[in-house]
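J.: I have a structure here, written as structure tokens, and I will follow up with some questions on it.
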Amino acid sequence: MRTQVAIVGAGPSGMLLSHLLEREGVESVVLEARSEDYVASRVRAGVLESSSVDLLRQVGLGDRLDGEGLHHSGILLHWPGERHRIDFVDLVGRGVWVYGQTEVQKDLVAARRAAGQRVEYEVSETSIHDVHTDRPFVSFVDAGGVPRRLEADVVVGCDGSHGPCRTAITDRGAWERTYPFAWLGVLADVAPSTGELIYAWHPDGFALHSMRSESVSRFYLQVEPDEDLAAWSDNRIWESLAARLGDEPGGWRLSTGAIREKSILPMRSHVAAPLRQGRLFLAGDAGHVVPPTGAKGLNLAIADVALLAPALSAMLRDGDSSLADTYSERALRRVWRCTQFSWWMTMMLHRHGDDFDAELQISQLRWVTTSRAGAQGLAENYAGLPLEL
Ligand code: APR
Ligand code: PHB
């Protein structure tokens, strides 16, 4: 098989890149290790920055998002006895949308299918070759067990944090932080008990109340990195959420419902640089992973491919490689901004260290919720900075 751009991975990065490339008149083939159903049903994060929403709308992917996405103009920060609203629209003039990554993925799959996009699902033994030549190729075994070869002008690794593309970049640096806690994620059939997301600091650990729709809520609890999921009965989950989120007799109450899914998510920061070697480029989780506290993972993936698509189109269509040559540097500026913001939100809100750390956290929360300058910094980063910094 031969194409212009071989894309490894059919998550949001890979599918959006193929969509953007087609609009630029560049052809691609996507290779994906898992099945279409598996990729479409993974439960992931759910907050879109306004620049992500603008881009999705501009490229014809905004219809369901406009109908079903929930616009939020701020978030709530909570700690025992106190709850404060950070109003993004007031502070920086833009809000965010709550719309699950699962939904973004469905929209992408539908659009790519309508366009006749070639996606090979359930491939194995994916391997990248000859990235230092102008005829790189990807070898793989297809769903029927047949060894195949996809030749291309460029290969893009959109294969997430465990895929083979990152490791194919041999002269790469890696910057990493592993956090001493994890998240227990819970999806429940219950109407959200709040209009805005609640990020809560608590002596027992962080909690987050998020949502997916008017009848489905998403929650997270800080747990140990090696936490045993079996130790978390539905009862224990609801009691911990209620305590950490500030459920009080006569005050705010947390509604409970049927728990549909629960899982443990590790928390780490990872940046690989550069995001390019020869004719192999990285985008999305393949190049960087952030802890979910700042809700940046999906937005960073969207921002990467928004820079990469025009760069590849200029290179392959017009023979101008100047944008491709600066892609890694331009993308990494935003990656590091979001890495710092996600680290900062994580360290402010999760229990770690001792009582000294706890006092610093509460002081920081007070400052962010009472000083306009403090609140503005959080709002500007959370609602999202321009695609190119
Ligand atoms: N060959 C083909 N595909 C592969 C391989 C391989 N060897 N290894 C991994 N993949 C696929 C995975 O199965 C997955 O579907 O690459 C895809 C990567 O998708 P994501 O992990 O969703 O990464 P990305 O598209 O960059 O999206 C980033 O996902 O993890 C979240 O928080 C993150 O929201 C962000 C988003
Ligand atoms: C989610 O809804 O899954 C979500 C929301 C906000 C975050 C992380 C995850 O910071």
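A note on labels: chains of the structure tokens are A, B, ... as shown, every chain counts residues from 1, and ligands are counted from 1 in their shown order.
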Residues of region 166-317 of chain A classed as helix (DSSP H, G or I) by DSSP on the backbone are to be reported as a PyMOL selection string.

T.: chain A and resi 166-168+229-231+234-245+284-286+292-294+297-317

J.: Report the residues of region 99-322 of chain A whose backbone DSSP state falls under strand (DSSP E), written as a ChimeraX atom specification.

T.: /A:118-120,124-129,137-141,147-151,154-157,173-189,197-200,207-211,217-223,258-273,276-277,280-282,288-289

J.: Return as a list in words the residues of protein, DNA or RNA that approach ligand 2 to within 7 Å, with only C-alpha atoms and all ligand atoms taken into account.

T.: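 Listing the residues within 7 Å of ligand 2 gives Arg44, Ala45, Gly46, Val47, Gly100, Ser210, Met211, Arg212, Arg218, Pro292, Thr293, Gly294 and Ala295 of chain A.
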
J.: Between A:Thr126, A:Gln117, A:Gln58, A:Gln376, which residue has the minimum interatomic distance to ligand 1, considering only C-alpha atoms and all ligand atoms?

T.: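 Smallest distance to ligand 1 is found for A:Thr126.
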
J.: Pick out the residues sitting within 12 Å of Val141 (chain A), and hand them over as a PDB file with N, CA and C atoms, in the first residue's frame; count only C-alpha atoms, and ignore anything fewer than 4 positions along from it in its own chain.

T.:
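As written to disk, result.pdb reads:
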```pdb
ATOM      1  N   LEU A  31      -3.542   3.298  10.746  1.00  0.00           N
ATOM      2  CA  LEU A  31      -3.372   1.923  11.252  1.00  0.00           C
ATOM      3  C   LEU A  31      -3.665   1.918  12.746  1.00  0.00           C
ATOM      4  N   GLU A  32      -4.507   1.010  13.212  1.00  0.00           N
ATOM      5  CA  GLU A  32      -4.908   0.995  14.629  1.00  0.00           C
ATOM      6  C   GLU A  32      -4.826  -0.427  15.184  1.00  0.00           C
ATOM      7  N   ALA A  33      -4.223  -0.536  16.368  1.00  0.00           N
ATOM      8  CA  ALA A  33      -4.025  -1.856  16.967  1.00  0.00           C
ATOM      9  C   ALA A  33      -5.325  -2.475  17.492  1.00  0.00           C
ATOM     10  N   GLU A 120      -7.201   0.845   8.988  1.00  0.00           N
ATOM     11  CA  GLU A 120      -7.003  -0.597   9.203  1.00  0.00           C
ATOM     12  C   GLU A 120      -7.019  -0.840  10.707  1.00  0.00           C
ATOM     13  N   TYR A 121      -8.087  -1.465  11.207  1.00  0.00           N
ATOM     14  CA  TYR A 121      -8.170  -1.760  12.634  1.00  0.00           C
ATOM     15  C   TYR A 121      -7.523  -3.115  12.918  1.00  0.00           C
ATOM     16  N   GLU A 122      -7.231  -3.336  14.192  1.00  0.00           N
ATOM     17  CA  GLU A 122      -6.717  -4.630  14.687  1.00  0.00           C
ATOM     18  C   GLU A 122      -5.442  -5.082  13.974  1.00  0.00           C
ATOM     19  N   VAL A 123      -4.544  -4.108  13.727  1.00  0.00           N
ATOM     20  CA  VAL A 123      -3.243  -4.487  13.168  1.00  0.00           C
ATOM     21  C   VAL A 123      -2.318  -4.849  14.333  1.00  0.00           C
ATOM     22  N   SER A 124      -1.277  -5.618  14.042  1.00  0.00           N
ATOM     23  CA  SER A 124      -0.300  -5.949  15.096  1.00  0.00           C
ATOM     24  C   SER A 124       1.108  -5.833  14.519  1.00  0.00           C
ATOM     25  N   GLU A 125       2.091  -5.964  15.412  1.00  0.00           N
ATOM     26  CA  GLU A 125       3.516  -5.918  15.013  1.00  0.00           C
ATOM     27  C   GLU A 125       3.855  -4.688  14.177  1.00  0.00           C
ATOM     28  N   THR A 126       3.263  -3.537  14.555  1.00  0.00           N
ATOM     29  CA  THR A 126       3.533  -2.285  13.832  1.00  0.00           C
ATOM     30  C   THR A 126       4.987  -1.878  14.045  1.00  0.00           C
ATOM     31  N   SER A 127       5.691  -1.602  12.952  1.00  0.00           N
ATOM     32  CA  SER A 127       7.094  -1.203  13.085  1.00  0.00           C
ATOM     33  C   SER A 127       7.416  -0.121  12.042  1.00  0.00           C
ATOM     34  N   GLY A 145      -4.167 -11.479   9.679  1.00  0.00           N
ATOM     35  CA  GLY A 145      -2.918 -12.198   9.941  1.00  0.00           C
ATOM     36  C   GLY A 145      -1.920 -12.116   8.784  1.00  0.00           C
ATOM     37  N   VAL A 146      -2.188 -11.249   7.808  1.00  0.00           N
ATOM     38  CA  VAL A 146      -1.296 -11.138   6.642  1.00  0.00           C
ATOM     39  C   VAL A 146      -0.262 -10.030   6.865  1.00  0.00           C
ATOM     40  N   PRO A 147       1.043 -10.315   6.714  1.00  0.00           N
ATOM     41  CA  PRO A 147       2.066  -9.266   6.857  1.00  0.00           C
ATOM     42  C   PRO A 147       1.921  -8.251   5.717  1.00  0.00           C
ATOM     43  N   ARG A 148       1.946  -6.946   6.072  1.00  0.00           N
ATOM     44  CA  ARG A 148       1.737  -5.903   5.053  1.00  0.00           C
ATOM     45  C   ARG A 148       2.772  -4.808   5.230  1.00  0.00           C
ATOM     46  N   ARG A 149       2.773  -3.897   4.270  1.00  0.00           N
ATOM     47  CA  ARG A 149       3.723  -2.798   4.296  1.00  0.00           C
ATOM     48  C   ARG A 149       3.014  -1.564   3.753  1.00  0.00           C
ATOM     49  N   LEU A 150       3.065  -0.477   4.524  1.00  0.00           N
ATOM     50  CA  LEU A 150       2.442   0.785   4.094  1.00  0.00           C
ATOM     51  C   LEU A 150       3.559   1.790   3.830  1.00  0.00           C
TER      52      LEU A 150
END
```

J.: Which residues form the shell of 6 Å around ligand 1 when you count only C-alpha atoms and all ligand atoms, given as a list in words?

T.: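 Those within range of ligand 1 are Val8, Gly9, Ala10, Gly11, Pro12, Ser13, Gly14, Leu31, Glu32, Ala33, Arg34, Val39, Ala45, Thr126, Cys158, Asp159, Gly160, Gly163, Pro164, Gly284, Asp285, Ala286, Gly297, Leu298 and Ala301 of chain A.
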
J.: Near Asp226 (chain A), within 12 Å and counting only C-alpha atoms, which residues show up once chain neighbours fewer than 6 positions away are dropped, as a list in words?

T.: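 Close residues of Asp226 (chain A): Tyr179, Pro180, Phe181, Ala182, Trp183, Leu184, Ile264, Leu265, Pro266 and Met267 of chain A.
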
J.: Those selected residues, please, written with N, CA, C and O atoms and delivered as a CSV table (one decimal), in the first residue's frame.

T.:
```csv
chain,number,residue,atom,x,y,z
A,179,TYR,N,3.6,10.9,39.9
A,179,TYR,CA,3.0,11.4,41.1
A,179,TYR,C,2.7,10.3,42.1
A,179,TYR,O,2.4,9.2,41.7
A,180,PRO,N,2.8,10.6,43.4
A,180,PRO,CA,2.6,9.5,44.4
A,180,PRO,C,1.2,9.2,44.7
A,180,PRO,O,0.8,9.0,45.8
A,181,PHE,N,0.3,9.3,43.7
A,181,PHE,CA,-1.1,9.0,43.8
A,181,PHE,C,-1.7,8.7,42.5
A,181,PHE,O,-1.0,8.9,41.4
A,182,ALA,N,-2.9,8.1,42.5
A,182,ALA,CA,-3.6,7.8,41.2
A,182,ALA,C,-5.0,8.3,41.4
A,182,ALA,O,-5.4,8.8,42.5
A,183,TRP,N,-5.8,8.2,40.3
A,183,TRP,CA,-7.2,8.5,40.4
A,183,TRP,C,-8.1,7.3,40.2
A,183,TRP,O,-7.8,6.4,39.4
A,184,LEU,N,-9.1,7.2,41.1
A,184,LEU,CA,-10.2,6.2,40.9
A,184,LEU,C,-11.3,6.9,40.1
A,184,LEU,O,-11.8,7.9,40.6
A,264,ILE,N,-8.9,2.5,37.7
A,264,ILE,CA,-7.8,3.3,38.3
A,264,ILE,C,-6.9,3.9,37.2
A,264,ILE,O,-6.5,3.2,36.3
A,265,LEU,N,-6.6,5.2,37.3
A,265,LEU,CA,-5.8,5.9,36.3
A,265,LEU,C,-4.5,6.3,37.0
A,265,LEU,O,-4.5,7.1,38.0
A,266,PRO,N,-3.4,6.0,36.4
A,266,PRO,CA,-2.1,6.5,36.9
A,266,PRO,C,-2.0,7.9,36.6
A,266,PRO,O,-2.6,8.5,35.7
A,267,MET,N,-1.1,8.6,37.4
A,267,MET,CA,-0.9,10.1,37.1
A,267,MET,C,0.5,10.3,36.8
A,267,MET,O,1.4,10.0,37.7
```
